[in-house]
Amino acid sequence: MTLRQPSILAVMSIPPATNQAQGPAIHVQGLEKSYKELRVLRGVDFDVARGSIFALLGSNGAGKTTVVKILSTLLKADAGTASVNGFDVATQPADVRESISLTGQFAAVDEILSGRENLVLVARLRHLKNPGTIADDLLERFSLTEAGARKVSTYSGGMRRRLDIAMSLIGNPPVIFLDEPTTGLDPQARIEVWQAVKELAEGGTTVLLTTQYLDEAEQLADRIAILHEGRIIVNGTLAKLKQLLPPAKVEYVEKQPTLEDVFLTLVGAGGKDGDADKGSHDHKTTSNKK
Amino acid sequence: MATHFLGDTAVLLGRSLRHITRSVDTIITTTITPIAMMLLFVYVLGGAIDTGSVSYVNYLLPGILLITIASGIAYTALRLFLDMKGGIFERFQSMPIARSSVLWAHVLTSLVANAISLVVVVLVALLMGFRSGAGVLAWLAVAGILILFTLALTWIAVIPGLTAKSVDGAGGFAYPLIFLPFISSAFVPTDTMPGPVRAFADNQPVTSIVNAVRALFAQQPVGTDIWTALAWCVGILIVAYIFANNAYRRRIS
Ligand SMILES: Nc1ncnc2c1ncn2[C@@H]1O[C@H](COP(=O)(O)OP(=O)(O)OP(=O)(O)O)[C@@H](O)[C@H]1O
Ligand SMILES: [Mg+2]
């Protein structure tokens, strides 16, 4: 992975103070936010350890996107503190921006540019050398090489999402926010995104992702927190969360394949690199689920 | 972050210029209304308008140029609005780039797009018989006034671009600007207008700008018109710039 090299910029911008290298990657305490009368966040607390994957679960309107926007300096909290990579989001927003990358809930891509041009644009704006090489590497990694020269407005929803995530990986920021990264993706594209997220964490990147899919949190997250009525009501490892339920009982059931198993068998799962430009490419470009 | 301002603005300018070269139709629609007006007035209505010894197309062109700019900046507002809505704006805001670069890239793009439209309109006017003996300096002065006017209107356009709730809202603000030249010396000399209308026409910005440009084209002394014109342009520019930046700060905080 050429992109695993540490970002020179990120390193330069972080003062050699030790408190930034230690401590949690994300620290949130007493966060509150209201939209007029609507009290969305009413005292949110959580920490995310460096290099871990943290999943924020919550139903529609729980405030997940609001948390992500505050952490990525797009929105100001009404009360409480939040720091990312040791930098306070309210008082050191420029340093926070050097440390993060955001994949918002809705794909933030330039429709008029090609996929490759989108990637080059972000690489230039992150002041990196060889933006063209970075773009080509990412196109390949996300099975978009063939579509790279095409206008993004001709992409399917899934392709757009993969491009969106690829744009967020440029520059290897130490912390990445993914707001519902797999909503609208087909099962195979989901697995590809999961794989990419796991690789990021293995490389030391801290990932905060929000999701409504419990299986996604189960698959990926080191810790899971549930946001409900403005607060984190549980926060722990999957094993710990499972203990909250009555103890497991043994039952004998015939294991039927799930529809997902059938789907993946039929369309050929696991063809992440090789056949992406062949068979699987076709279904990805045609399935454009909402 | 200030060190990145120029570089970031250049990268983002490159991006929006691509938008223009890939949607040439926006240039065409920008120029179609002013060209149609020019045809209508020169070949249909102009014969009835007394502009003295000046040919009507020579008389008309300065006003048409301002109308071109007024319809061109509607696209500036639209492009900005679409960026805000599409989420790419939030991506830029969450990245370590100079914050004002995003706005300046749109402003400079507006200058380039309007310059192209203006050249197209002047070429059509030349085909229709527009002639000027103006020298290089006079042409430069005309270009300078038009650039200032474009900048002033562009910063006005930034405000709806940032605050509009719908596409129509983002583009619609330009209509009054397009019609302002009709109540000025752009199409007919103001001395035929009834008192109150004439008072308005004589004292609104378009008249002084049109008169100054017309005098420059005709190699006549520009008198005080050019200073009034510059004062209007700079004044509008400063006020619009302040409001636009307030709107921007509210948007990104
Ligand atoms: N700009 C805004 N103005 C007013 N209300 C808002 C605004 N943004 C969000 N809200 C409201 O705040 C609440 C939380 O929104 P948020 O987008 O954070 O939820 P979410 O957990 O991300 O939901 P979803 O799963 O649907 O994406 C919702 O009720 C939403 O309507
Ligand atoms: Mg959301």
# chains A, B, ... in the order shown; residues from 1 in each chain; ligands from 1

call {"tool": "interface_residues", "arguments": {"of": "chain A", "to": "chain B", "cutoff": "8 Å", "atoms": "only C-alpha atoms", "output": "MDAnalysis selection string"}}
result
chainID A and resid 72:76 94:95 97:98 100:104 106:110 112:113 121 124:126

call {"tool": "residues_around", "arguments": {"residues": "B:Phe149", "least_positions_apart": "4", "cutoff": "9 Å", "atoms": "only C-alpha atoms", "output": "PyMOL selection string"}}
result
chain B and resi 66+69+144-145+153-154+209+230+232-234+236-237

call {"tool": "write_last_selection", "arguments": {"atoms": "N, CA, C and O atoms", "output": "PDB file, in the first residue's frame"}}
result
ATOM      1  N   LEU B  66     -23.343  45.544 -19.716  1.00  0.00           N
ATOM      2  CA  LEU B  66     -23.715  45.439 -18.311  1.00  0.00           C
ATOM      3  C   LEU B  66     -24.786  44.366 -18.108  1.00  0.00           C
ATOM      4  O   LEU B  66     -24.773  43.637 -17.112  1.00  0.00           O
ATOM      5  N   ILE B  69     -23.170  41.020 -17.982  1.00  0.00           N
ATOM      6  CA  ILE B  69     -22.572  40.712 -16.675  1.00  0.00           C
ATOM      7  C   ILE B  69     -23.657  40.335 -15.674  1.00  0.00           C
ATOM      8  O   ILE B  69     -23.529  39.355 -14.934  1.00  0.00           O
ATOM      9  N   GLY B 144     -11.195  47.781 -17.348  1.00  0.00           N
ATOM     10  CA  GLY B 144     -11.091  47.986 -15.903  1.00  0.00           C
ATOM     11  C   GLY B 144     -12.443  48.242 -15.258  1.00  0.00           C
ATOM     12  O   GLY B 144     -12.777  47.643 -14.230  1.00  0.00           O
ATOM     13  N   ILE B 145     -13.242  49.105 -15.899  1.00  0.00           N
ATOM     14  CA  ILE B 145     -14.567  49.399 -15.335  1.00  0.00           C
ATOM     15  C   ILE B 145     -15.427  48.138 -15.331  1.00  0.00           C
ATOM     16  O   ILE B 145     -16.110  47.829 -14.344  1.00  0.00           O
ATOM     17  N   LEU B 153     -20.824  42.948  -8.735  1.00  0.00           N
ATOM     18  CA  LEU B 153     -22.026  42.116  -8.862  1.00  0.00           C
ATOM     19  C   LEU B 153     -21.747  40.683  -8.406  1.00  0.00           C
ATOM     20  O   LEU B 153     -22.626  40.013  -7.878  1.00  0.00           O
ATOM     21  N   THR B 154     -20.515  40.211  -8.616  1.00  0.00           N
ATOM     22  CA  THR B 154     -20.195  38.858  -8.186  1.00  0.00           C
ATOM     23  C   THR B 154     -20.313  38.723  -6.675  1.00  0.00           C
ATOM     24  O   THR B 154     -20.873  37.758  -6.168  1.00  0.00           O
ATOM     25  N   ILE B 209     -22.036  54.454 -15.387  1.00  0.00           N
ATOM     26  CA  ILE B 209     -21.119  53.465 -15.970  1.00  0.00           C
ATOM     27  C   ILE B 209     -21.294  53.431 -17.490  1.00  0.00           C
ATOM     28  O   ILE B 209     -20.320  53.457 -18.252  1.00  0.00           O
ATOM     29  N   LEU B 230     -16.859  54.855 -11.014  1.00  0.00           N
ATOM     30  CA  LEU B 230     -15.907  54.138 -10.154  1.00  0.00           C
ATOM     31  C   LEU B 230     -16.391  54.129  -8.706  1.00  0.00           C
ATOM     32  O   LEU B 230     -16.294  53.103  -8.022  1.00  0.00           O
ATOM     33  N   TRP B 232     -19.448  54.245  -7.610  1.00  0.00           N
ATOM     34  CA  TRP B 232     -20.534  53.270  -7.486  1.00  0.00           C
ATOM     35  C   TRP B 232     -19.965  51.843  -7.413  1.00  0.00           C
ATOM     36  O   TRP B 232     -20.339  51.060  -6.540  1.00  0.00           O
ATOM     37  N   CYS B 233     -19.084  51.530  -8.350  1.00  0.00           N
ATOM     38  CA  CYS B 233     -18.557  50.162  -8.402  1.00  0.00           C
ATOM     39  C   CYS B 233     -17.832  49.800  -7.111  1.00  0.00           C
ATOM     40  O   CYS B 233     -18.080  48.755  -6.510  1.00  0.00           O
ATOM     41  N   VAL B 234     -16.945  50.694  -6.682  1.00  0.00           N
ATOM     42  CA  VAL B 234     -16.170  50.395  -5.471  1.00  0.00           C
ATOM     43  C   VAL B 234     -17.089  50.329  -4.253  1.00  0.00           C
ATOM     44  O   VAL B 234     -16.959  49.441  -3.403  1.00  0.00           O
ATOM     45  N   ILE B 236     -20.376  49.576  -4.127  1.00  0.00           N
ATOM     46  CA  ILE B 236     -21.158  48.334  -4.144  1.00  0.00           C
ATOM     47  C   ILE B 236     -20.261  47.155  -3.784  1.00  0.00           C
ATOM     48  O   ILE B 236     -20.633  46.271  -3.006  1.00  0.00           O
ATOM     49  N   LEU B 237     -19.059  47.187  -4.348  1.00  0.00           N
ATOM     50  CA  LEU B 237     -18.107  46.100  -4.096  1.00  0.00           C
ATOM     51  C   LEU B 237     -17.829  45.941  -2.602  1.00  0.00           C
ATOM     52  O   LEU B 237     -17.908  44.845  -2.050  1.00  0.00           O
TER      53      LEU B 237
END

call {"tool": "select_by_dssp", "arguments": {"residues": "stretch 22-225 of chain A", "states": "strand (DSSP E or B)", "output": "PDB file with C-alpha atoms, in the first residue's frame"}}
result
ATOM      1  CA  ILE A  26     -11.030  11.335  20.249  1.00  0.00           C
ATOM      2  CA  HIS A  27     -12.245  12.674  23.549  1.00  0.00           C
ATOM      3  CA  VAL A  28     -15.799  13.912  23.945  1.00  0.00           C
ATOM      4  CA  GLN A  29     -17.240  15.204  27.187  1.00  0.00           C
ATOM      5  CA  GLY A  30     -20.592  16.724  28.038  1.00  0.00           C
ATOM      6  CA  LEU A  31     -21.334  17.594  24.428  1.00  0.00           C
ATOM      7  CA  GLU A  32     -24.624  19.435  23.938  1.00  0.00           C
ATOM      8  CA  LYS A  33     -26.260  20.751  20.794  1.00  0.00           C
ATOM      9  CA  SER A  34     -29.724  22.070  20.070  1.00  0.00           C
ATOM     10  CA  TYR A  35     -31.329  23.187  16.833  1.00  0.00           C
ATOM     11  CA  LEU A  38     -34.847  20.584  19.487  1.00  0.00           C
ATOM     12  CA  ARG A  39     -32.293  19.286  21.979  1.00  0.00           C
ATOM     13  CA  VAL A  40     -30.381  16.777  19.902  1.00  0.00           C
ATOM     14  CA  LEU A  41     -27.319  16.145  22.101  1.00  0.00           C
ATOM     15  CA  ARG A  42     -27.817  16.412  25.857  1.00  0.00           C
ATOM     16  CA  GLY A  43     -24.435  15.519  27.304  1.00  0.00           C
ATOM     17  CA  VAL A  44     -22.552  13.054  25.140  1.00  0.00           C
ATOM     18  CA  ASP A  45     -19.401  11.469  26.574  1.00  0.00           C
ATOM     19  CA  PHE A  46     -17.063   8.966  24.968  1.00  0.00           C
ATOM     20  CA  ASP A  47     -13.411   8.312  24.206  1.00  0.00           C
ATOM     21  CA  VAL A  48     -11.937   6.549  21.221  1.00  0.00           C
ATOM     22  CA  ILE A  53     -12.617   1.367  15.330  1.00  0.00           C
ATOM     23  CA  PHE A  54     -15.481   2.944  17.211  1.00  0.00           C
ATOM     24  CA  ALA A  55     -19.058   2.516  16.046  1.00  0.00           C
ATOM     25  CA  LEU A  56     -21.742   5.018  16.963  1.00  0.00           C
ATOM     26  CA  LEU A  57     -25.151   3.424  16.671  1.00  0.00           C
ATOM     27  CA  ALA A  79     -21.654  23.091  25.543  1.00  0.00           C
ATOM     28  CA  GLY A  80     -19.056  20.492  26.433  1.00  0.00           C
ATOM     29  CA  THR A  81     -15.627  19.790  25.038  1.00  0.00           C
ATOM     30  CA  ALA A  82     -14.352  17.647  22.231  1.00  0.00           C
ATOM     31  CA  SER A  83     -10.820  17.012  21.084  1.00  0.00           C
ATOM     32  CA  VAL A  84      -9.455  15.092  18.153  1.00  0.00           C
ATOM     33  CA  PHE A  87      -6.586  19.273  19.519  1.00  0.00           C
ATOM     34  CA  ASP A  88      -9.681  21.033  20.757  1.00  0.00           C
ATOM     35  CA  ILE A 100      -8.913  14.216  10.128  1.00  0.00           C
ATOM     36  CA  SER A 101     -10.801  13.218   7.088  1.00  0.00           C
ATOM     37  CA  LEU A 102     -14.558  13.169   6.745  1.00  0.00           C
ATOM     38  CA  THR A 103     -16.794  10.968   4.663  1.00  0.00           C
ATOM     39  CA  SER A 114     -14.077  12.594 -13.491  1.00  0.00           C
ATOM     40  CA  LYS A 151     -17.648  12.019 -15.282  1.00  0.00           C
ATOM     41  CA  VAL A 175      -8.400  10.008  12.365  1.00  0.00           C
ATOM     42  CA  ILE A 176     -11.177   9.214   9.907  1.00  0.00           C
ATOM     43  CA  PHE A 177     -14.899   9.833  10.306  1.00  0.00           C
ATOM     44  CA  LEU A 178     -17.265   7.725   8.265  1.00  0.00           C
ATOM     45  CA  ASP A 179     -20.926   8.716   8.530  1.00  0.00           C
ATOM     46  CA  THR A 206      -8.459   5.693  14.264  1.00  0.00           C
ATOM     47  CA  VAL A 207     -11.897   5.232  12.728  1.00  0.00           C
ATOM     48  CA  LEU A 208     -15.174   6.588  14.043  1.00  0.00           C
ATOM     49  CA  LEU A 209     -18.089   5.311  12.046  1.00  0.00           C
ATOM     50  CA  THR A 210     -21.803   5.739  12.443  1.00  0.00           C
ATOM     51  CA  THR A 211     -24.189   3.126  11.250  1.00  0.00           C
ATOM     52  CA  ARG A 223     -16.132  -0.636  20.736  1.00  0.00           C
ATOM     53  CA  ILE A 224     -19.757   0.164  20.154  1.00  0.00           C
ATOM     54  CA  ALA A 225     -21.732   3.027  21.635  1.00  0.00           C
TER      55      ALA A 225
END

call {"tool": "residues_near_ligand", "arguments": {"ligand": "ligand 2", "cutoff": "7 Å", "atoms": "only C-alpha atoms and all ligand atoms", "output": "PDB file with N, CA and C atoms, in the first residue's frame"}}
result
ATOM      1  N   GLY A  61     -32.239  10.262  13.230  1.00  0.00           N
ATOM      2  CA  GLY A  61     -32.453  11.480  14.011  1.00  0.00           C
ATOM      3  C   GLY A  61     -31.875  11.431  15.412  1.00  0.00           C
ATOM      4  N   GLY A  63     -28.846  11.823  16.240  1.00  0.00           N
ATOM      5  CA  GLY A  63     -27.827  12.867  16.394  1.00  0.00           C
ATOM      6  C   GLY A  63     -26.436  12.407  16.001  1.00  0.00           C
ATOM      7  N   LYS A  64     -26.342  11.279  15.313  1.00  0.00           N
ATOM      8  CA  LYS A  64     -25.026  10.762  14.923  1.00  0.00           C
ATOM      9  C   LYS A  64     -24.295  11.750  14.017  1.00  0.00           C
ATOM     10  N   THR A  65     -25.000  12.214  12.982  1.00  0.00           N
ATOM     11  CA  THR A  65     -24.372  13.160  12.058  1.00  0.00           C
ATOM     12  C   THR A  65     -23.978  14.443  12.781  1.00  0.00           C
ATOM     13  N   GLN A 105     -22.414  11.761   5.343  1.00  0.00           N
ATOM     14  CA  GLN A 105     -23.497  10.795   5.112  1.00  0.00           C
ATOM     15  C   GLN A 105     -23.885  10.743   3.632  1.00  0.00           C
ATOM     16  N   ASP A 179     -19.522   8.604   8.126  1.00  0.00           N
ATOM     17  CA  ASP A 179     -20.926   8.716   8.530  1.00  0.00           C
ATOM     18  C   ASP A 179     -21.758   7.811   7.628  1.00  0.00           C
TER      19      ASP A 179
END

call {"tool": "closest_residue", "arguments": {"among": "A:Asp261, A:Lys129, A:Arg162, A:Arg116", "to": "A:Ala147", "atoms": "only C-alpha atoms"}}
result
A:Arg116

call {"tool": "residues_around", "arguments": {"residues": "B:Ile73", "least_positions_apart": "6", "cutoff": "8 Å", "atoms": "only C-alpha atoms", "output": "PyMOL selection string"}}
result
chain B and resi 110+114+150+153-154+157+174
